[in-house]
Every structure is written in C-alpha cells, then in structure tokens.
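In what follows, a single structure is set out as structure tokens and then discussed.
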Amino acid sequence: MKLPKEITNGFLIFLGIGIYFLLMNVLGLADLFYLRTLNVFFIFYGVNRTMQMNLHEGETNFVSNAVSAMATSVVGVSLSVFGLLVYSYARGGDAYVRTLSETFMFGGDPSVPTYCICLLFEGIASSVIVTLMMMLYWNNKYAAD
C-alpha cells in the first residue's frame with residue numbers, strides 16, 4: 001500500500017523540522033528566536049515537492065493542486081506540533097515550556113497544551129501563506145479553468 005504524496009511529504013516536513021530543532025538544541029542555539037523561524041523552509045520544500053509530483057502525474061487543476069499543497073503543509077505542521085507535545089512532556093512538561101516561552105512571543109505562563117495549540121494556529125497560518133506563495137510561483141503551470 002502506497003501512502004498519498006500529501007502524507008509522505010508532510011512526514012518529510014515533520015522530519016526536517018524535528019531534526020532541525022533537535023540539532024539546534026544540541027548546538028545550544030535553541031534560544032535564538034530568528035533561527036526558529038527558518039523552519040518555514042521545510043514547509044516550502046514539502047509543498048514544492050507535492051506540487052512537482054502533481055505536475056509529473058499530469059494534474060494541472062489549480063484547485064485540486066491547492067488543496068493537495070495545503071493538505072501537505074497541514075499534515076507536516078500537525079505532526080510537528082504533536083512531536084513538540086510529546087517532546088515537551090518528555091523534557092518536563094510545563095517547566096520545559098516555561099523555558100521556551102521566555103525566548104518566544106508568549107506572555108504569562110503557558111501550559112504545554114496552550115503552547116502547542118498556539119503553535120498549531122501559527123503553523124496553519126504559515127501553511128496557508130506558503131501554499132498561496134507556491135500557487136503563485138507555479139501559477140503558469142496550472143489551468144485556471
């Protein structure tokens with residue numbers, strides 16, 4: 001059984017983001033907030049790969065490709081947030097999240113679920129932006145009708 005390309009590429013996004021953040025943690029760079037924003041490049045990679053695969057398969061319908069690209073990015077972001085949830089509880093739960101929120105945009109004292117839900121919404125927003133940008137990039141390859 002072959003997994004759909006959206007799930008496969010979403011899993012690649014998850015692996016890229018996970019390895020990137022673990023590497024940042026090992027190198028002691030996890031407190032640099034601007035390095036955290038570079039994870040969007042993994043989303044670009046996965047969405048671009050899905051769109052290339054769609055073109056290779058002959059799928060040129062704009063709407064179905066947009067849905068496919070969005071599904072890819074949402075799968076990747078959702079798996080990444082779930083991975084953060086598991087990792088946060090393995091590292092100490094709310095105490096670990098408090099150390100993350102000191103260098104992030106959260107005020108107050110977020111819990112692990114609150115932190116993950118906020119990151120999920122942020123990730124979905126970035127997924128929409130990346131999908132729209134990639135659809136503009138690939139626009140001349142798709143039939144708009």
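For the structure tokens, the naming scheme is as follows: chains receive sequential letters (A, B, ...) according to their order of presentation, residues are indexed from 1 within each chain, and ligands are indexed from 1 in presentation order.
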* To do: Please identify all polymer residues within 12 Å of segment 45-57 of chain A, counting only C-alpha atoms, omitting same-chain residues fewer than 4 positions from it, and present them as a VMD selection string.
  => chain A and resid 4 to 17 38 to 41 61 to 77 126 to 143
* **Contacts of segment 81-92 of chain A at 7 Å (only C-alpha atoms; same-chain gap of 2+ positions) as a count of residues only** => 11
* Between atom CA of Lys2 of chain A and atom CA of Leu22 of chain A, what is the spacing in Å? ->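 Separation between atom CA of Leu22 of chain A and atom CA of Lys2 of chain A: 28.9 Å.
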* Rounded to one decimal place, report the atom CA of Arg98 of chain A-atom CA of Arg36 of chain A distance in Å. =>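 Answer for the atom CA of Arg98 of chain A to atom CA of Arg36 of chain A separation: 16.4 Å.
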* Asked: When distances are computed from only C-alpha atoms, which of A:Leu35, A:Leu29, A:Ile43, A:Tyr20 shows the smallest separation from Ala125 of chain A?
  -> A:Ile43
